[in-house]
Structures are given as C-alpha cells and as structure tokens.
$ cat entry.cif   # mmCIF, C-alpha atoms; chains and numbers go by the auth columns
data_entry
#
loop_
_atom_site.group_PDB
_atom_site.id
_atom_site.type_symbol
_atom_site.label_atom_id
_atom_site.label_comp_id
_atom_site.label_asym_id
_atom_site.label_seq_id
_atom_site.Cartn_x
_atom_site.Cartn_y
_atom_site.Cartn_z
_atom_site.B_iso_or_equiv
_atom_site.auth_seq_id
_atom_site.auth_asym_id
ATOM 1 C CA MET A 1 -22.405 -3.228 11.967 0.00 1 D
ATOM 2 C CA LEU A 2 -22.088 0.468 12.743 0.00 2 D
ATOM 3 C CA VAL A 3 -18.706 2.205 12.846 0.00 3 D
ATOM 4 C CA ARG A 4 -17.398 5.696 13.457 0.00 4 D
ATOM 5 C CA LEU A 5 -14.417 7.130 11.635 0.00 5 D
ATOM 6 C CA LEU A 6 -12.727 10.390 12.503 0.00 6 D
ATOM 7 C CA TYR A 7 -10.170 11.976 10.210 0.00 7 D
ATOM 8 C CA ALA A 8 -8.358 15.242 9.614 0.00 8 D
ATOM 9 C CA SER A 9 -7.240 16.765 6.344 0.00 9 D
ATOM 10 C CA ARG A 10 -6.051 20.043 4.922 0.00 10 D
ATOM 11 C CA ALA A 11 -7.967 21.942 2.252 0.00 11 D
ATOM 12 C CA VAL A 12 -6.142 22.297 -1.041 0.00 12 D
ATOM 13 C CA ASP A 13 -8.340 25.298 -1.886 0.00 13 D
ATOM 14 C CA ALA A 14 -9.811 27.150 1.110 0.00 14 D
ATOM 15 C CA ARG A 15 -12.268 29.364 -0.768 0.00 15 D
ATOM 16 C CA ALA A 16 -15.717 29.390 0.837 0.00 16 D
ATOM 17 C CA GLU A 17 -17.443 28.053 -2.290 0.00 17 D
ATOM 18 C CA VAL A 18 -15.140 25.023 -2.400 0.00 18 D
ATOM 19 C CA ILE A 19 -15.882 24.200 1.245 0.00 19 D
ATOM 20 C CA GLU A 20 -19.613 24.677 0.661 0.00 20 D
ATOM 21 C CA ASN A 21 -19.439 22.335 -2.359 0.00 21 D
ATOM 22 C CA ILE A 22 -17.952 19.619 -0.141 0.00 22 D
ATOM 23 C CA VAL A 23 -20.762 20.020 2.417 0.00 23 D
ATOM 24 C CA THR A 24 -23.450 20.108 -0.281 0.00 24 D
ATOM 25 C CA ALA A 25 -22.103 16.960 -1.951 0.00 25 D
ATOM 26 C CA SER A 26 -22.018 15.192 1.421 0.00 26 D
ATOM 27 C CA ARG A 27 -25.607 16.111 2.164 0.00 27 D
ATOM 28 C CA GLN A 28 -26.717 14.834 -1.238 0.00 28 D
ATOM 29 C CA HIS A 29 -24.737 11.579 -1.169 0.00 29 D
ATOM 30 C CA ASN A 30 -24.919 10.513 2.472 0.00 30 D
ATOM 31 C CA PRO A 31 -28.634 9.722 2.951 0.00 31 D
ATOM 32 C CA ALA A 32 -28.603 7.033 0.251 0.00 32 D
ATOM 33 C CA THR A 33 -25.653 5.271 1.896 0.00 33 D
ATOM 34 C CA GLY A 34 -26.789 5.680 5.515 0.00 34 D
ATOM 35 C CA ILE A 35 -23.892 7.975 6.401 0.00 35 D
ATOM 36 C CA THR A 36 -24.259 10.591 9.140 0.00 36 D
ATOM 37 C CA GLY A 37 -21.694 12.871 10.716 0.00 37 D
ATOM 38 C CA ILE A 38 -20.324 16.336 11.220 0.00 38 D
ATOM 39 C CA LEU A 39 -17.647 18.436 9.600 0.00 39 D
ATOM 40 C CA CYS A 40 -15.560 21.120 11.279 0.00 40 D
ATOM 41 C CA TYR A 41 -13.515 23.471 9.186 0.00 41 D
ATOM 42 C CA GLY A 42 -11.153 26.182 10.314 0.00 42 D
ATOM 43 C CA GLY A 43 -7.748 27.504 9.439 0.00 43 D
ATOM 44 C CA GLY A 44 -7.569 25.345 6.333 0.00 44 D
ATOM 45 C CA ILE A 45 -8.173 22.143 8.314 0.00 45 D
ATOM 46 C CA PHE A 46 -11.080 19.704 8.162 0.00 46 D
ATOM 47 C CA LEU A 47 -12.073 17.537 11.117 0.00 47 D
ATOM 48 C CA GLN A 48 -14.843 15.119 10.214 0.00 48 D
ATOM 49 C CA ALA A 49 -16.697 12.332 11.988 0.00 49 D
ATOM 50 C CA ILE A 50 -18.456 9.822 9.737 0.00 50 D
ATOM 51 C CA GLU A 51 -20.867 7.174 11.048 0.00 51 D
ATOM 52 C CA GLY A 52 -22.649 4.343 9.295 0.00 52 D
ATOM 53 C CA GLY A 53 -22.203 0.798 8.090 0.00 53 D
ATOM 54 C CA ARG A 54 -18.616 -0.445 7.964 0.00 54 D
ATOM 55 C CA ARG A 55 -18.536 -0.870 4.182 0.00 55 D
ATOM 56 C CA ALA A 56 -20.171 2.513 3.451 0.00 56 D
ATOM 57 C CA VAL A 57 -17.854 4.368 5.854 0.00 57 D
ATOM 58 C CA SER A 58 -14.760 2.586 4.499 0.00 58 D
ATOM 59 C CA GLU A 59 -15.727 3.374 0.905 0.00 59 D
ATOM 60 C CA LEU A 60 -16.392 7.020 1.703 0.00 60 D
ATOM 61 C CA TYR A 61 -13.046 7.363 3.491 0.00 61 D
ATOM 62 C CA GLY A 62 -11.339 5.819 0.467 0.00 62 D
ATOM 63 C CA HIS A 63 -12.948 8.465 -1.752 0.00 63 D
ATOM 64 C CA ILE A 64 -11.873 11.238 0.624 0.00 64 D
ATOM 65 C CA GLN A 65 -8.274 9.989 0.530 0.00 65 D
ATOM 66 C CA GLN A 66 -8.344 10.256 -3.281 0.00 66 D
ATOM 67 C CA ASP A 67 -10.252 13.567 -3.411 0.00 67 D
ATOM 68 C CA PRO A 68 -7.997 16.279 -4.882 0.00 68 D
ATOM 69 C CA ARG A 69 -9.661 18.877 -2.608 0.00 69 D
ATOM 70 C CA HIS A 70 -8.004 17.229 0.428 0.00 70 D
ATOM 71 C CA LYS A 71 -4.366 16.709 1.338 0.00 71 D
ATOM 72 C CA ASP A 72 -2.617 15.291 4.402 0.00 72 D
ATOM 73 C CA VAL A 73 -5.586 13.004 5.114 0.00 73 D
ATOM 74 C CA GLU A 74 -4.955 11.330 8.468 0.00 74 D
ATOM 75 C CA LEU A 75 -7.075 8.724 10.244 0.00 75 D
ATOM 76 C CA LEU A 76 -7.598 9.767 13.872 0.00 76 D
ATOM 77 C CA LEU A 77 -10.061 7.155 15.126 0.00 77 D
ATOM 78 C CA PHE A 78 -11.930 4.126 13.807 0.00 78 D
ATOM 79 C CA GLU A 79 -14.235 2.173 16.102 0.00 79 D
ATOM 80 C CA GLU A 80 -17.221 -0.129 16.132 0.00 80 D
ATOM 81 C CA ILE A 81 -20.186 1.565 17.800 0.00 81 D
ATOM 82 C CA SER A 82 -23.505 0.429 19.205 0.00 82 D
ATOM 83 C CA GLU A 83 -25.264 3.704 18.356 0.00 83 D
ATOM 84 C CA ARG A 84 -24.648 6.909 16.438 0.00 84 D
ATOM 85 C CA ARG A 85 -23.713 10.127 18.201 0.00 85 D
ATOM 86 C CA PHE A 86 -24.299 12.274 15.117 0.00 86 D
ATOM 87 C CA GLY A 87 -27.365 10.502 13.752 0.00 87 D
ATOM 88 C CA GLY A 88 -29.359 13.707 13.337 0.00 88 D
ATOM 89 C CA TRP A 89 -27.071 15.082 10.652 0.00 89 D
ATOM 90 C CA THR A 90 -26.514 13.881 7.102 0.00 90 D
ATOM 91 C CA MET A 91 -23.596 16.280 7.442 0.00 91 D
ATOM 92 C CA GLY A 92 -23.712 18.919 10.140 0.00 92 D
ATOM 93 C CA GLN A 93 -21.303 21.819 9.829 0.00 93 D
ATOM 94 C CA VAL A 94 -19.446 23.922 12.392 0.00 94 D
ATOM 95 C CA ASN A 95 -18.401 27.486 11.593 0.00 95 D
ATOM 96 C CA LEU A 96 -15.281 27.830 13.720 0.00 96 D
ATOM 97 C CA SER A 97 -14.931 31.520 12.926 0.00 97 D
ATOM 98 C CA LYS A 98 -18.046 32.160 15.041 0.00 98 D
ATOM 99 C CA LEU A 99 -17.085 29.802 17.846 0.00 99 D
ATOM 100 C CA ASN A 100 -16.095 30.858 21.355 0.00 100 D
ATOM 101 C CA THR A 101 -12.349 30.145 21.448 0.00 101 D
ATOM 102 C CA SER A 102 -12.615 28.859 25.026 0.00 102 D
ATOM 103 C CA ILE A 103 -14.142 25.653 23.625 0.00 103 D
ATOM 104 C CA LEU A 104 -11.091 25.086 21.427 0.00 104 D
ATOM 105 C CA LEU A 105 -8.723 25.928 24.302 0.00 105 D
ATOM 106 C CA LYS A 106 -10.395 23.303 26.435 0.00 106 D
ATOM 107 C CA TYR A 107 -9.086 20.617 24.057 0.00 107 D
ATOM 108 C CA SER A 108 -5.799 22.007 22.721 0.00 108 D
ATOM 109 C CA GLU A 109 -2.828 24.209 23.478 0.00 109 D
ATOM 110 C CA LYS A 110 -3.972 27.051 21.231 0.00 110 D
ATOM 111 C CA PRO A 111 -7.421 28.469 20.386 0.00 111 D
ATOM 112 C CA GLU A 112 -7.388 26.926 16.915 0.00 112 D
ATOM 113 C CA LEU A 113 -8.467 23.695 15.302 0.00 113 D
ATOM 114 C CA ASP A 114 -5.468 21.355 15.112 0.00 114 D
ATOM 115 C CA PRO A 115 -6.526 17.705 15.218 0.00 115 D
ATOM 116 C CA TYR A 116 -3.030 16.720 14.068 0.00 116 D
ATOM 117 C CA SER A 117 -1.627 17.626 17.492 0.00 117 D
ATOM 118 C CA VAL A 118 -4.172 15.846 19.721 0.00 118 D
ATOM 119 C CA SER A 119 -5.520 12.320 20.015 0.00 119 D
ATOM 120 C CA GLY A 120 -8.539 11.052 18.133 0.00 120 D
ATOM 121 C CA ARG A 121 -10.424 10.773 21.432 0.00 121 D
ATOM 122 C CA VAL A 122 -9.757 14.446 22.208 0.00 122 D
ATOM 123 C CA SER A 123 -10.980 15.441 18.739 0.00 123 D
ATOM 124 C CA LEU A 124 -14.116 13.350 19.237 0.00 124 D
ATOM 125 C CA ALA A 125 -14.713 15.026 22.616 0.00 125 D
ATOM 126 C CA LEU A 126 -14.452 18.425 20.895 0.00 126 D
ATOM 127 C CA LEU A 127 -17.049 17.398 18.315 0.00 127 D
ATOM 128 C CA GLU A 128 -19.358 16.134 21.050 0.00 128 D
ATOM 129 C CA GLU A 129 -19.066 19.432 22.918 0.00 129 D
ATOM 130 C CA LEU A 130 -19.792 21.366 19.739 0.00 130 D
ATOM 131 C CA MET A 131 -22.925 19.275 19.329 0.00 131 D
ATOM 132 C CA ALA A 132 -23.928 19.779 22.979 0.00 132 D
ATOM 133 C CA THR A 133 -23.461 23.556 22.761 0.00 133 D
ATOM 134 C CA ALA A 134 -25.529 23.817 19.566 0.00 134 D
ATOM 135 C CA SER A 135 -22.523 24.953 17.548 0.00 135 D
ATOM 136 C CA ILE A 136 -23.387 22.578 14.721 0.00 136 D
ATOM 137 C CA ILE A 137 -25.542 23.930 11.903 0.00 137 D
ATOM 138 C CA GLY A 138 -27.132 22.406 8.849 0.00 138 D
ATOM 139 C CA ARG A 139 -28.996 19.289 9.941 0.00 139 D
ATOM 140 C CA ALA A 140 -30.017 18.654 6.336 0.00 140 D
#

$ encode --input "entry.cif" --output "structure tokens"
Amino acid sequence: MLVRLLYASRAVDARAEVIENIVTASRQHNPATGITGILCYGGGIFLQAIEGGRRAVSELYGHIQQDPRHKDVELLLFEEISERRFGGWTMGQVNLSKLNTSILLKYSEKPELDPYSVSGRVSLALLEELMATASIIGRA
C-alpha cells in the first residue's frame, strides 16, 4: 500500500553543507526502500513530501523525528494514495532563494515558506505547483 506523508521541521543548523548532507543522505538511502519525494528548504524551515510503502514511510518519519538536525517536527498530512505524485525523484530539492515569491504568496499570507501556518493540503498544493513550474532540481 502506497502512502504520502507531508511534514515540516526547523533546521537546528542552517549551514548549506548541513542541508546538502540531508539531501545527499536521502538520495543514497531512499532508492533501496522505495521512497520518493521532494524537499523544500527556506528560512530555516523544511517542508518535505515522502511517498512509498506504509512501513518504509513510517520508519523514515520516525528517524526524522529523532534526527538531531531537525526540531519542531510536525506532521501536516498522511494519506493512502493510489499513485505517486513525486515518483520521479528519490529526493528532489527546491531552492526557495531563487523562487519567484508570487508562487509563495499564492499559498500563504507572506512571501515565505511557513507550512506551520497553513493546512497540509495547502502545503501539498504548493509542492505540486513547484513541480509543475520546474522549480524542483536534483532528480537523482
């Protein structure tokens, strides 16, 4: 059974190399477990969609909750799905610093990433638009 999980967290250490290490580890680990998804990062906040088998997704989320690089981990959405929306990415990445702020304003009050202040469905819609507008990089 396929599921999708969407969560937000805050970076404990926002240095670029720490963020890149998270993405690199995801890209190395995810193929073996059948996990796909995308990661947005901006302003010290992560927004991530994870798709795959229920057990694999649940285990990965458990690891994220215990990961000392994350704090304020909050589940935004968990749902059973019939197909993946982010199947082309072992972990796609969005560079919000290069993003047109009008996309962020479409989904929130301010032109910044703040999944804590909107619903999980709104955050998912943002991720889908980022995918549709080719804002996601790093298909590997």

$ resolve_selection --input "entry.cif" --expression "the PyMOL selection byres ((chain D and resi 113-129) around 6)" --output "JSON list (two decimals) with C-alpha atoms, in the coordinates of the input"
[["chain", "number", "residue", "atom", "x", "y", "z"],
["D", 76, "LEU", "CA", -7.60, 9.77, 13.87],
["D", 77, "LEU", "CA", -10.06, 7.16, 15.13],
["D", 112, "GLU", "CA", -7.39, 26.93, 16.92],
["D", 130, "LEU", "CA", -19.79, 21.37, 19.74],
["D", 131, "MET", "CA", -22.92, 19.27, 19.33],
["D", 132, "ALA", "CA", -23.93, 19.78, 22.98]]

$ closest_residue --input "entry.cif" --among "D:Leu39, D:Ile50, D:Leu6, D:Val73" --to "D:Thr24" --atoms "only C-alpha atoms"
D:Leu39

$ closest_residue --input "entry.cif" --among "D:Thr33, D:Glu74, D:Thr133, D:Arg10" --to "D:Ile103" --atoms "all atoms listed in the file"
D:Thr133

$ resolve_selection --input "entry.cif" --expression "the PyMOL selection byres ((chain D and resi 51) around 8)" --output "PyMOL selection string"
chain D and resi 2-5+35-37+49-50+52-53+57+84+86-87

$ closest_residue --input "entry.cif" --among "D:Cys40, D:Ser9, D:Ala32, D:Arg15" --to "D:Lys98" --atoms "all atoms listed in the file"
D:Cys40

$ residues_around --input "entry.cif" --residues "D:Asp72" --least-positions-apart "5" --cutoff "12 Å" --atoms "only C-alpha atoms" --output "list of chain:residue names"
D:Tyr7, D:Ala8, D:Ser9, D:Arg10, D:Ala11, D:Val12, D:Gly44, D:Ile45, D:Phe46, D:Leu47, D:Ile64, D:Gln65, D:Gln66, D:Asp67, D:Pro115, D:Tyr116

$ write_last_selection --input "entry.cif" --atoms "C-alpha atoms" --output "compact mmCIF listing (two decimals), in the frame of the given file"
# COMPACT_ATOMS: atom_id res chain seq x y z
CA TYR D 7 -10.17 11.98 10.21
CA ALA D 8 -8.36 15.24 9.61
CA SER D 9 -7.24 16.76 6.34
CA ARG D 10 -6.05 20.04 4.92
CA ALA D 11 -7.97 21.94 2.25
CA VAL D 12 -6.14 22.30 -1.04
CA GLY D 44 -7.57 25.34 6.33
CA ILE D 45 -8.17 22.14 8.31
CA PHE D 46 -11.08 19.70 8.16
CA LEU D 47 -12.07 17.54 11.12
CA ILE D 64 -11.87 11.24 0.62
CA GLN D 65 -8.27 9.99 0.53
CA GLN D 66 -8.34 10.26 -3.28
CA ASP D 67 -10.25 13.57 -3.41
CA PRO D 115 -6.53 17.70 15.22
CA TYR D 116 -3.03 16.72 14.07

$ atom_distance --input "entry.cif" --atom1 "atom CA of D:Ile38" --atom2 "atom CA of D:Ile22"
12.1 Å

$ residues_around --input "entry.cif" --residues "D:Pro111" --least-positions-apart "6" --cutoff "6 Å" --atoms "all atoms listed in the file" --output "PyMOL selection string"
chain D and resi 101+104-105

$ atom_distance --input "entry.cif" --atom1 "atom CA of D:Ser58" --atom2 "atom CA of D:Ile81"
14.4 Å

$ closest_residue --input "entry.cif" --among "D:Ser102, D:Asn30, D:Gly88, D:Tyr107" --to "D:Glu59" --atoms "all atoms listed in the file"
D:Asn30

$ atom_distance --input "entry.cif" --atom1 "atom CA of D:Gly42" --atom2 "atom CA of D:Leu96"
5.6 Å

$ closest_residue --input "entry.cif" --among "D:Val94, D:Arg54, D:Gly62, D:Gln28" --to "D:Phe78" --atoms "all atoms listed in the file"
D:Arg54

$ closest_residue --input "entry.cif" --among "D:Gln48, D:Lys110, D:Leu99, D:His29" --to "D:Leu75" --atoms "only C-alpha atoms"
D:Gln48

$ axis_aligned_box --input "entry.cif" --around "stretch 45-52 of chain D" --padding-each-side "8 Å" --output "lines of an AutoDock Vina configuration file"
center_x = -15.4
center_y = 13.2
center_z = 10.1
size_x = 30.5
size_y = 33.8
size_z = 19.8

$ residues_around --input "entry.cif" --residues "D:Asp13" --least-positions-apart "4" --cutoff "9 Å" --atoms "all atoms listed in the file" --output "ChimeraX atom specification"
/D:18-19,44,69-70
